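Trainee: Next comes the structure file query.tsv, holding TSV, C-alpha atoms.
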```
chain	number	residue	atom	x	y	z
E	843	MET	CA	10.16	16.06	-40.89
E	844	SER	CA	8.56	13.10	-39.16
E	845	ALA	CA	5.44	11.87	-40.92
E	846	SER	CA	3.76	11.50	-37.53
E	847	GLU	CA	4.05	15.18	-36.64
E	848	GLY	CA	0.83	16.29	-38.30
E	849	ALA	CA	0.76	19.74	-36.74
E	850	ASN	CA	4.06	20.58	-38.41
E	851	TYR	CA	3.13	19.62	-41.94
E	852	ALA	CA	3.73	22.31	-44.52
E	853	PRO	CA	2.83	22.22	-48.21
E	854	ALA	CA	5.48	21.99	-50.88
E	855	ALA	CA	6.78	25.27	-52.31
E	856	MET	CA	4.29	27.24	-54.38
E	857	PRO	CA	4.70	26.46	-58.09
E	858	LYS	CA	6.29	29.11	-60.29
E	859	PRO	CA	6.41	29.55	-64.08
E	860	VAL	CA	8.46	26.74	-65.56
E	861	VAL	CA	9.18	28.32	-68.97
E	862	GLU	CA	10.08	31.69	-70.40
E	863	PRO	CA	7.56	33.71	-72.45
E	864	GLY	CA	7.11	32.18	-75.90
E	865	GLU	CA	8.74	28.88	-74.98
E	866	PHE	CA	5.42	27.04	-74.61
E	867	VAL	CA	2.70	28.24	-77.00
E	868	PHE	CA	-0.85	26.90	-76.65
E	869	ALA	CA	-4.32	27.59	-78.01
E	870	ALA	CA	-7.89	27.28	-76.76
E	871	MET	CA	-10.91	26.16	-78.75
E	872	HIS	CA	-14.50	24.94	-78.39
E	873	LEU	CA	-15.49	26.84	-75.27
E	874	ASP	CA	-18.73	24.99	-74.48
E	875	HIS	CA	-17.94	24.54	-70.77
E	876	GLY	CA	-16.77	27.25	-68.40
E	877	HIS	CA	-13.87	25.09	-67.22
E	878	ILE	CA	-11.91	26.39	-70.20
E	879	GLY	CA	-11.19	29.52	-68.16
E	880	GLY	CA	-9.54	27.57	-65.36
E	881	MET	CA	-7.62	25.41	-67.81
E	882	THR	CA	-6.29	28.48	-69.60
E	883	GLN	CA	-5.41	30.32	-66.41
E	884	GLY	CA	-3.54	27.30	-65.10
E	885	LEU	CA	-1.38	27.08	-68.22
E	886	LEU	CA	-0.71	30.82	-68.15
E	887	GLY	CA	0.33	30.59	-64.51
E	888	ALA	CA	2.88	27.94	-65.48
E	889	GLY	CA	4.41	30.38	-67.98
E	890	GLY	CA	2.52	29.33	-71.10
E	891	THR	CA	1.83	31.74	-73.95
E	892	LEU	CA	-1.75	31.82	-75.22
E	893	LYS	CA	-1.69	32.55	-78.94
E	894	TRP	CA	-5.07	31.55	-80.40
E	895	VAL	CA	-8.70	30.96	-79.56
E	896	TYR	CA	-11.44	29.53	-81.73
E	897	ASP	CA	-15.15	28.93	-81.20
E	898	PRO	CA	-18.04	29.00	-83.68
E	899	GLN	CA	-20.15	31.16	-81.35
E	900	PRO	CA	-19.20	34.88	-81.24
E	901	GLU	CA	-20.70	35.33	-77.78
E	902	ARG	CA	-18.38	32.79	-76.25
E	903	LEU	CA	-15.40	34.26	-78.09
E	904	LYS	CA	-16.26	37.70	-76.73
E	905	THR	CA	-16.40	36.43	-73.15
E	906	PHE	CA	-13.11	34.56	-73.52
E	907	THR	CA	-11.18	37.39	-75.16
E	908	GLU	CA	-12.38	39.83	-72.52
E	909	GLN	CA	-10.75	37.59	-69.93
E	910	PHE	CA	-7.72	36.73	-72.08
E	911	PRO	CA	-7.17	39.64	-74.50
E	912	GLN	CA	-3.79	38.31	-75.64
E	913	ALA	CA	-5.52	35.52	-77.60
E	914	LYS	CA	-5.94	36.07	-81.34
E	915	VAL	CA	-9.26	34.90	-82.76
E	916	ALA	CA	-8.70	32.14	-85.31
E	917	SER	CA	-10.92	31.92	-88.37
E	918	SER	CA	-11.24	28.15	-88.01
E	919	GLU	CA	-10.11	25.16	-86.03
E	920	GLN	CA	-7.77	24.31	-88.88
E	921	GLU	CA	-5.90	27.61	-88.61
E	922	ILE	CA	-4.81	26.59	-85.13
E	923	LEU	CA	-4.01	23.00	-86.04
E	924	GLU	CA	-1.77	24.15	-88.90
E	925	ASP	CA	0.26	26.56	-86.75
E	926	PRO	CA	3.63	24.91	-86.03
E	927	GLU	CA	4.20	27.12	-82.97
E	928	VAL	CA	1.24	25.63	-81.09
E	929	LYS	CA	2.33	22.73	-78.91
E	930	LEU	CA	-0.93	22.03	-77.07
E	931	VAL	CA	-4.63	22.69	-77.62
E	932	ALA	CA	-6.91	23.17	-74.60
E	933	ALA	CA	-10.62	22.60	-75.18
E	934	ALA	CA	-13.91	22.20	-73.32
E	935	ALA	CA	-16.21	20.97	-76.07
E	936	VAL	CA	-19.58	19.28	-75.59
E	937	PRO	CA	-18.65	15.96	-73.92
E	938	VAL	CA	-19.67	13.77	-76.85
E	939	ASP	CA	-17.40	15.83	-79.13
E	940	ARG	CA	-14.30	15.74	-76.94
E	941	ALA	CA	-12.83	12.49	-78.22
E	942	PRO	CA	-13.23	13.25	-81.95
E	943	LEU	CA	-11.72	16.70	-81.38
E	944	GLY	CA	-8.83	15.22	-79.43
E	945	ILE	CA	-8.08	12.77	-82.22
E	946	ARG	CA	-8.01	15.61	-84.76
E	947	VAL	CA	-5.66	17.59	-82.53
E	948	MET	CA	-3.30	14.68	-81.99
E	949	GLU	CA	-3.28	13.76	-85.68
E	950	ALA	CA	-2.20	17.35	-86.35
E	951	GLY	CA	0.88	16.68	-84.21
E	952	LYS	CA	-0.21	18.56	-81.10
E	953	ASP	CA	-0.97	17.49	-77.54
E	954	TYR	CA	-4.56	17.75	-76.33
E	955	PHE	CA	-5.82	19.03	-72.96
E	956	THR	CA	-9.53	18.46	-72.48
E	957	ASP	CA	-12.04	19.19	-69.79
E	958	LYS	CA	-13.39	16.23	-67.87
E	959	THR	CA	-15.10	13.96	-68.73
E	960	PRO	CA	-12.62	13.41	-71.58
E	961	LEU	CA	-15.04	11.17	-73.53
E	962	ILE	CA	-18.39	9.45	-72.97
E	963	THR	CA	-18.31	5.87	-74.29
E	964	LEU	CA	-16.03	2.86	-74.09
E	965	GLU	CA	-15.87	2.94	-77.90
E	966	GLN	CA	-14.54	6.49	-77.78
E	967	LEU	CA	-12.02	5.41	-75.16
E	968	ALA	CA	-10.70	2.70	-77.46
E	969	GLU	CA	-10.44	5.19	-80.33
E	970	ALA	CA	-8.60	7.72	-78.15
E	971	LYS	CA	-6.16	5.08	-76.91
E	972	ALA	CA	-5.47	3.99	-80.49
E	973	ALA	CA	-4.87	7.60	-81.55
E	974	VAL	CA	-2.41	8.17	-78.69
E	975	GLU	CA	-0.53	5.05	-79.71
E	976	ARG	CA	-0.61	5.99	-83.38
E	977	THR	CA	0.45	9.62	-83.02
E	978	GLY	CA	2.61	9.60	-79.90
E	979	GLN	CA	0.74	12.67	-78.63
E	980	LYS	CA	-0.79	13.32	-75.21
E	981	TYR	CA	-4.48	13.22	-74.29
E	982	ALA	CA	-4.39	15.14	-70.98
E	983	VAL	CA	-7.46	15.65	-68.82
E	984	TYR	CA	-8.54	18.51	-66.55
E	985	TYR	CA	-9.70	16.54	-63.50
E	986	SER	CA	-10.09	19.86	-61.74
E	987	GLU	CA	-11.43	18.65	-58.40
E	988	ARG	CA	-7.98	17.31	-57.57
E	989	ILE	CA	-5.47	19.18	-59.74
E	990	HIS	CA	-7.06	22.63	-59.36
E	991	VAL	CA	-8.20	22.49	-55.71
E	992	GLU	CA	-5.55	23.30	-53.14
E	993	ALA	CA	-7.09	21.08	-50.45
E	994	ALA	CA	-6.75	18.11	-52.78
E	995	VAL	CA	-3.21	19.08	-53.76
E	996	LEU	CA	-2.21	19.26	-50.10
E	997	ALA	CA	-3.95	15.96	-49.35
E	998	THR	CA	-1.99	14.32	-52.15
E	999	GLN	CA	1.26	15.61	-50.64
E	1000	LEU	CA	0.31	14.45	-47.15
E	1001	ILE	CA	-0.63	10.96	-48.33
E	1002	GLN	CA	2.58	10.63	-50.32
E	1003	GLN	CA	4.56	11.70	-47.23
E	1004	GLY	CA	2.90	8.93	-45.19
E	1005	ALA	CA	0.82	11.18	-42.94
E	1006	ILE	CA	-1.98	8.63	-42.53
E	1007	GLY	CA	-0.14	5.42	-43.36
E	1008	LYS	CA	-1.50	3.05	-45.98
E	1009	VAL	CA	-4.76	4.31	-47.46
E	1010	LEU	CA	-7.66	1.92	-46.89
E	1011	GLN	CA	-10.70	3.80	-48.13
E	1012	VAL	CA	-11.64	6.97	-50.03
E	1013	THR	CA	-15.12	8.50	-49.95
E	1014	GLY	CA	-15.81	11.38	-52.33
E	1015	MET	CA	-18.92	13.58	-52.34
E	1016	GLY	CA	-19.57	15.82	-55.31
E	1017	PRO	CA	-22.81	17.77	-54.92
E	1018	HIS	CA	-23.54	20.39	-57.58
E	1019	ARG	CA	-26.21	23.03	-58.18
E	1020	ILE	CA	-28.20	23.16	-61.41
E	1021	GLY	CA	-29.40	26.72	-60.91
E	1022	ASP	CA	-31.85	28.03	-63.47
E	1023	PRO	CA	-32.31	25.15	-65.97
E	1024	SER	CA	-33.10	27.64	-68.74
E	1025	THR	CA	-29.50	28.87	-68.60
E	1026	ARG	CA	-28.14	25.39	-69.26
E	1027	PRO	CA	-27.39	24.29	-72.84
E	1028	ASP	CA	-29.53	21.56	-74.42
E	1029	TRP	CA	-26.73	19.01	-74.26
E	1030	PHE	CA	-26.68	19.22	-70.46
E	1031	PHE	CA	-29.97	17.30	-70.39
E	1032	GLU	CA	-29.24	14.77	-73.16
E	1033	ARG	CA	-27.50	11.64	-71.92
E	1034	ALA	CA	-26.17	10.79	-75.37
E	1035	ARG	CA	-24.26	14.09	-75.33
E	1036	TYR	CA	-23.17	14.51	-71.69
E	1037	GLY	CA	-22.68	10.83	-70.88
E	1038	GLY	CA	-24.53	10.47	-67.57
E	1039	ILE	CA	-23.71	11.74	-64.08
E	1040	LEU	CA	-21.12	9.08	-63.20
E	1041	THR	CA	-19.36	9.54	-66.54
E	1042	ASP	CA	-19.37	13.31	-66.18
E	1043	ILE	CA	-18.87	14.71	-62.69
E	1044	GLY	CA	-18.21	11.27	-61.24
E	1045	SER	CA	-15.01	10.99	-63.26
E	1046	HIS	CA	-13.39	13.51	-60.87
E	1047	ASN	CA	-13.90	11.16	-57.97
E	1048	PHE	CA	-12.64	8.01	-59.64
E	1049	GLU	CA	-9.46	9.90	-60.51
E	1050	GLN	CA	-9.02	10.92	-56.88
E	1051	MET	CA	-9.56	7.35	-55.66
E	1052	LEU	CA	-6.81	6.08	-57.96
E	1053	THR	CA	-4.46	8.89	-56.89
E	1054	PHE	CA	-5.02	8.78	-53.14
E	1055	THR	CA	-4.70	4.98	-52.98
E	1056	GLY	CA	-1.78	4.77	-55.42
E	1057	SER	CA	-3.71	2.31	-57.57
E	1058	GLU	CA	-3.31	1.53	-61.24
E	1059	ASP	CA	-6.54	-0.44	-61.61
E	1060	ALA	CA	-9.93	-0.98	-59.97
E	1061	GLU	CA	-13.17	-2.92	-60.29
E	1062	VAL	CA	-16.64	-1.39	-60.11
E	1063	LEU	CA	-18.58	-3.43	-57.54
E	1064	SER	CA	-21.90	-1.59	-57.74
E	1065	SER	CA	-23.39	1.66	-59.00
E	1066	SER	CA	-26.73	3.41	-59.32
E	1067	ILE	CA	-28.26	6.46	-60.94
E	1068	GLY	CA	-31.58	8.24	-60.59
E	1069	ASN	CA	-33.70	11.23	-61.48
E	1070	PHE	CA	-35.47	12.37	-58.33
E	1071	GLY	CA	-36.12	16.07	-58.85
E	1072	ASN	CA	-36.14	16.84	-62.57
E	1073	PRO	CA	-38.97	14.91	-64.24
E	1074	GLU	CA	-39.19	17.52	-67.01
E	1075	HIS	CA	-35.69	16.39	-68.06
E	1076	PRO	CA	-35.99	12.59	-68.00
E	1077	GLU	CA	-32.50	11.97	-69.43
E	1078	LEU	CA	-30.79	13.92	-66.67
E	1079	ASP	CA	-29.24	11.83	-63.91
E	1080	ASP	CA	-29.50	14.10	-60.88
E	1081	PHE	CA	-28.11	11.46	-58.52
E	1082	GLY	CA	-25.47	8.74	-58.77
E	1083	ASP	CA	-23.21	6.62	-56.60
E	1084	ALA	CA	-20.67	3.84	-57.01
E	1085	HIS	CA	-18.54	1.45	-54.95
E	1086	ILE	CA	-15.19	0.22	-56.25
E	1087	ALA	CA	-12.36	-2.09	-55.19
E	1088	LEU	CA	-8.89	-0.79	-56.04
E	1089	SER	CA	-5.77	-2.75	-56.95
E	1090	SER	CA	-3.98	-1.47	-53.82
E	1091	GLY	CA	-6.49	-3.34	-51.66
E	1092	ALA	CA	-8.42	-0.17	-50.75
E	1093	THR	CA	-12.04	0.57	-51.53
E	1094	GLY	CA	-13.72	3.72	-52.80
E	1095	PHE	CA	-17.20	5.21	-52.73
E	1096	VAL	CA	-18.53	8.19	-54.65
E	1097	ARG	CA	-21.80	10.10	-54.41
E	1098	VAL	CA	-22.61	12.85	-56.90
E	1099	ASP	CA	-25.82	14.83	-57.30
E	1100	TRP	CA	-27.47	18.03	-58.48
E	1101	PHE	CA	-29.20	18.86	-55.17
E	1102	THR	CA	-27.13	21.64	-53.59
E	1103	PRO	CA	-29.68	23.75	-51.64
E	1104	GLN	CA	-30.15	27.37	-52.62
E	1105	GLY	CA	-29.14	28.42	-49.13
E	1106	LEU	CA	-25.55	27.25	-49.51
E	1107	ARG	CA	-23.13	30.08	-50.29
E	1108	THR	CA	-21.37	28.15	-53.04
E	1109	TRP	CA	-22.27	25.68	-55.79
E	1110	GLY	CA	-21.50	22.54	-53.80
E	1111	ASP	CA	-20.18	21.29	-50.47
E	1112	GLY	CA	-17.54	19.04	-52.03
E	1113	ARG	CA	-15.91	16.86	-49.41
E	1114	THR	CA	-13.53	13.90	-49.47
E	1115	PHE	CA	-12.63	11.49	-46.66
E	1116	VAL	CA	-9.46	9.38	-46.78
E	1117	VAL	CA	-8.94	6.69	-44.13
E	1118	GLY	CA	-5.49	5.22	-43.53
E	1119	THR	CA	-3.87	2.80	-41.13
E	1120	GLU	CA	-2.39	5.66	-39.06
E	1121	GLY	CA	-4.95	8.43	-39.38
E	1122	TYR	CA	-7.51	10.06	-41.62
E	1123	LEU	CA	-8.06	13.17	-43.70
E	1124	GLU	CA	-11.15	15.21	-44.43
E	1125	LEU	CA	-11.10	17.73	-47.28
E	1126	ARG	CA	-13.57	20.61	-47.12
E	1127	LYS	CA	-12.88	21.86	-50.60
E	1128	TYR	CA	-15.20	24.75	-51.44
E	1129	ILE	CA	-16.79	25.74	-48.15
E	1130	ASP	CA	-16.59	24.87	-44.46
E	1131	VAL	CA	-20.16	25.32	-43.29
E	1132	THR	CA	-19.31	24.78	-39.63
E	1133	THR	CA	-16.92	27.71	-39.27
E	1134	GLU	CA	-15.95	31.08	-40.69
E	1135	ASN	CA	-12.90	29.52	-42.33
E	1136	GLY	CA	-12.56	29.86	-46.08
E	1137	PRO	CA	-12.42	27.01	-48.60
E	1138	ASN	CA	-9.59	24.47	-48.92
E	1139	GLN	CA	-9.57	23.25	-45.35
E	1140	VAL	CA	-7.79	19.95	-44.67
E	1141	ILE	CA	-8.47	18.20	-41.38
E	1142	LEU	CA	-5.83	15.66	-40.36
E	1143	VAL	CA	-6.22	13.33	-37.40
E	1144	ASP	CA	-3.19	11.20	-36.55
E	1145	GLY	CA	-1.38	9.72	-33.58
E	1146	LYS	CA	-0.33	13.18	-32.38
E	1147	GLY	CA	-3.76	14.80	-32.35
E	1148	GLU	CA	-6.23	16.82	-34.41
E	1149	HIS	CA	-4.93	19.31	-36.97
E	1150	ARG	CA	-6.65	21.81	-39.23
E	1151	LEU	CA	-4.40	22.71	-42.17
E	1152	GLU	CA	-5.05	25.82	-44.27
E	1153	ALA	CA	-4.38	25.04	-47.93
E	1154	ASN	CA	-5.99	28.11	-49.47
E	1155	GLY	CA	-3.31	30.29	-51.05
E	1156	ASN	CA	-0.53	28.15	-49.62
E	1157	VAL	CA	-0.18	25.23	-52.02
E	1158	GLY	CA	-0.86	26.26	-55.60
E	1159	TYR	CA	-1.35	23.96	-58.57
E	1160	PRO	CA	1.82	22.09	-59.61
E	1161	PHE	CA	-0.03	20.03	-62.24
E	1162	PHE	CA	0.11	22.79	-64.84
E	1163	GLY	CA	3.85	23.34	-64.69
E	1164	GLU	CA	4.40	19.61	-64.76
E	1165	LEU	CA	2.12	19.30	-67.80
E	1166	VAL	CA	3.98	22.06	-69.65
E	1167	LEU	CA	7.30	20.32	-68.99
E	1168	ASP	CA	5.81	16.95	-69.95
E	1169	VAL	CA	4.81	18.39	-73.32
E	1170	LEU	CA	8.25	19.87	-73.90
E	1171	ASN	CA	10.26	16.92	-72.56
E	1172	ARG	CA	7.86	14.05	-73.51
E	1173	THR	CA	7.68	12.89	-69.89
E	1174	GLU	CA	4.72	11.87	-67.70
E	1175	ASN	CA	5.10	13.64	-64.37
E	1176	ALA	CA	1.81	15.57	-64.22
E	1177	MET	CA	-0.35	12.51	-64.83
E	1178	THR	CA	0.33	9.35	-66.78
E	1179	GLN	CA	-1.75	8.61	-69.83
E	1180	ALA	CA	-2.75	5.27	-68.34
E	1181	HIS	CA	-4.04	7.00	-65.19
E	1182	ALA	CA	-6.05	9.60	-67.12
E	1183	PHE	CA	-7.72	6.89	-69.19
E	1184	LYS	CA	-8.27	4.49	-66.26
E	1185	ALA	CA	-10.21	7.14	-64.32
E	1186	VAL	CA	-12.68	7.66	-67.14
E	1187	GLU	CA	-12.85	3.92	-67.85
E	1188	LEU	CA	-14.08	3.39	-64.29
E	1189	ALA	CA	-16.60	6.21	-64.70
E	1190	LEU	CA	-17.88	4.76	-67.97
E	1191	THR	CA	-18.14	1.26	-66.51
E	1192	ALA	CA	-19.99	2.51	-63.43
E	1193	GLN	CA	-22.41	4.47	-65.62
E	1194	LYS	CA	-22.99	1.57	-68.01
E	1195	GLN	CA	-23.80	-1.00	-65.33
E	1196	ALA	CA	-25.65	1.36	-62.98
E	1197	ARG	CA	-28.97	0.32	-61.56
E	1198	GLU	CA	-31.63	2.93	-62.30
E	1199	LEU	CA	-33.35	3.86	-59.05
E	1200	THR	CA	-37.11	4.19	-58.82
E	1201	GLY	CA	-37.06	7.96	-58.55
E	1202	ARG	CA	-36.75	8.15	-62.35
```
Would you write out, as structure tokens, the structure that this file holds?
Mentor:
Amino acid sequence: MSASEGANYAPAAMPKPVVEPGEFVFAAMHLDHGHIGGMTQGLLGAGGTLKWVYDPQPERLKTFTEQFPQAKVASSEQEILEDPEVKLVAAAAVPVDRAPLGIRVMEAGKDYFTDKTPLITLEQLAEAKAAVERTGQKYAVYYSERIHVEAAVLATQLIQQGAIGKVLQVTGMGPHRIGDPSTRPDWFFERARYGGILTDIGSHNFEQMLTFTGSEDAEVLSSSIGNFGNPEHPELDDFGDAHIALSSGATGFVRVDWFTPQGLRTWGDGRTFVVGTEGYLELRKYIDVTTENGPNQVILVDGKGEHRLEANGNVGYPFFGELVLDVLNRTENAMTQAHAFKAVELALTAQKQARELTGR
């Protein structure tokens, strides 16, 4: 298929289970963030077998086992770590606890799959890198806004096929909704525990910039953070942005915030724009407010015309099958370790050097 024939683009074949039942056994633990449900479902869809779950809070265990009744409740974290059948542990702990947990998992001889952000300080990053080197285990990251969003999966395929030529610039917008603050855990408002807005939800966007531009490195040129609407929670960054220069020669810009209006039908109008030498892409990930179309809309403009591509239900999530096979075969097809760590390094650097805006 010619890369210039945008109207004829079709996504790669939908992923299927890559292993037989019982061939890839995994466990879930520390269920502090709701992303653990998506992480678990993705591994199950790839053919994984969920054996255990552990969390110190019975309420969270109840919610998880109602969704995944096949999981046996472990009496402790150690019971899971000592089970030789378990090949990987998926976890969504409080952000500050993710690196120490990952090191314990890897030192027990198992691969680790954590929610983003995978850690919250440069010191933790150095410790995680050293543990990976020491143990030979994987520290995989659930950068869900690319790997678990069909619009982003399709965009990755299109870019790799040359649909828009060489990528010059990526702009990512990640608005979120706080909702009722009383339903949020204490750590959500404590910067020393969640890491700051660019470290946390911004990490998604840095990962996408690296992926879409095919870059291995980048420099943070400028960044800023602010608290404009939540004075009762002074440690909450409710706004952040950053500008980076990537090793491919492209640039990237990210804006994240907690200001999704109540009138929007979903939690955030996440959008990404990718400009290339031969065209551009727009990803309307979660909602398309201008039409009655569902989520996962990809707009491609190239030399042949204007094309709206429906990704929803047509692309799937190949990352999970690739991760399962990476664990079994000791390969790096889903995401390299260097890439996973570089994305969070950029997020940490942007957060650390960010200018605090006067809204705080």
Trainee: Could you check how far CA of His990 (chain E) sits from CA of Ile878 (chain E), in Å to one decimal?
Mentor: 12.5 Å
Trainee: I'd like the interatomic distance between CA of Glu1187 (chain E) and CA of Gln979 (chain E), to a tenth of an Å.
Mentor: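 Going from CA of Glu1187 (chain E) over to CA of Gln979 (chain E), I get 19.4 Å.
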Trainee: Could you jot down the CA of Asp1022 (chain E) to CA of Arg1097 (chain E) separation for me, Å, one decimal place?
Mentor: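 Distance between the two atoms: 22.5 Å.
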Trainee: For Thr977 (chain E), work out the shell of residues within 12 Å, counting all atoms listed in the file and skipping chain neighbours fewer than 2 positions away, then give it as a PyMOL selection string.
Mentor: chain E and resi 944-954+970-975+979-981
Trainee: I'd like to know which of E:Phe1030, E:Gly887, E:Gly1082, E:Phe1161 is closest to Asn1175 (chain E), using all atoms listed in the file.
Mentor: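 Looking only at the distances to Asn1175 (chain E), the closest residue turns out to be E:Phe1161.
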Trainee: Could you list, as a VMD selection string, every residue within 10 Å of region 854-857 of chain E, counting all atoms listed in the file and ignoring same-chain residues fewer than 6 positions away?
Mentor: chain E and resid 887 to 888 995 to 996 999 to 1000 1155 to 1164
Trainee: Go through region 869-907 of chain E residue by residue and, counting all atoms listed in the file, keep those with an atom at most 10 Å from region 936-940 of chain E; for each kept residue give the shortest atom pair and its distance in Å to one decimal, ordered by chain and increasing number, as a tab-separated table.
Mentor:
```
residue	atom	partner	partner_atom	distance
E:His872	CA	E:Val936	CA	8.1
E:Leu873	CA	E:Val936	CA	8.6
E:Asp874	CA	E:Val936	CA	5.9
E:His875	CA	E:Val936	CA	7.3
```
Trainee: If we draw a sphere of 10 Å around (-4.4, 27.6, -75.5), which residues have at least one atom in it when counting all atoms listed in the file? Please report them as a list in words.
Mentor: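 Nearby residues: Phe866, Val867, Phe868, Ala869, Ala870, Met871, Ile878, Met881, Thr882, Gln883, Leu885, Leu886, Gly890, Thr891, Leu892, Lys893, Trp894, Val895, Tyr896, Ala913, Ile922, Val928, Lys929, Leu930, Val931, Ala932, Ala933, Tyr954 and Phe955 of chain E.
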Trainee: Neighbouring residues of Ala1196 (chain E) were defined as those with any atom within 6 Å, considering only C-alpha atoms; residues of the same chain fewer than 4 positions away were excluded. Please report them as number ranges by chain.
Mentor: E: 1065-1066, 1192
Trainee: Compile the contact shell of region 1099-1106 of chain E as a list of chain:residue names: residues with an atom at most 6 Å away, counting only C-alpha atoms, same-chain residues fewer than 6 positions apart removed.
Mentor: E:Pro1017, E:His1018, E:Arg1019, E:Ile1020, E:Asp1080, E:Phe1081
Trainee: Select, from E:Leu1151, E:Met1177, E:Leu1078, E:Val983, the residue with the minimum atom-to-atom distance to Trp1029 (chain E), counting all atoms listed in the file.
Mentor: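 Among the listed residues, the smallest separation from Trp1029 (chain E) belongs to E:Leu1078.
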Trainee: In terms of the shortest atom-to-atom distance over all atoms listed in the file, which of E:Tyr984, E:Phe1095, E:Phe1031, E:Asn1154 is closest to Asn1072 (chain E)?
Mentor: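 Answer, going by the shortest atom-to-atom distance: E:Phe1031.
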Trainee: Looking at E:Pro960, E:Gly1068, E:Gly1091, E:Pro1137, which one is nearest to Leu1052 (chain E), with distances taken over only C-alpha atoms?
Mentor: E:Gly1091
Trainee: Of the residues E:Gly1038, E:Pro1073, E:Gly1004, E:Gly1056, which is the one nearest to Gly1121 (chain E), using only C-alpha atoms?
Mentor: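 Counting only C-alpha atoms, the residue closest to Gly1121 (chain E) is E:Gly1004.
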Trainee: Would you please work out which residue, of E:Ile1039, E:Leu1088, E:Ala1060, E:Leu1142, is nearest to Glu1198 (chain E) when using only C-alpha atoms?
Mentor: E:Ile1039
Trainee: At a cut-off of 7 Å, using only C-alpha atoms, what residues contact Glu1049 (chain E)? Leave out same-chain residues fewer than 4 positions from it and give the result as a PyMOL selection string.
Mentor: chain E and resi 1045+1053+1185
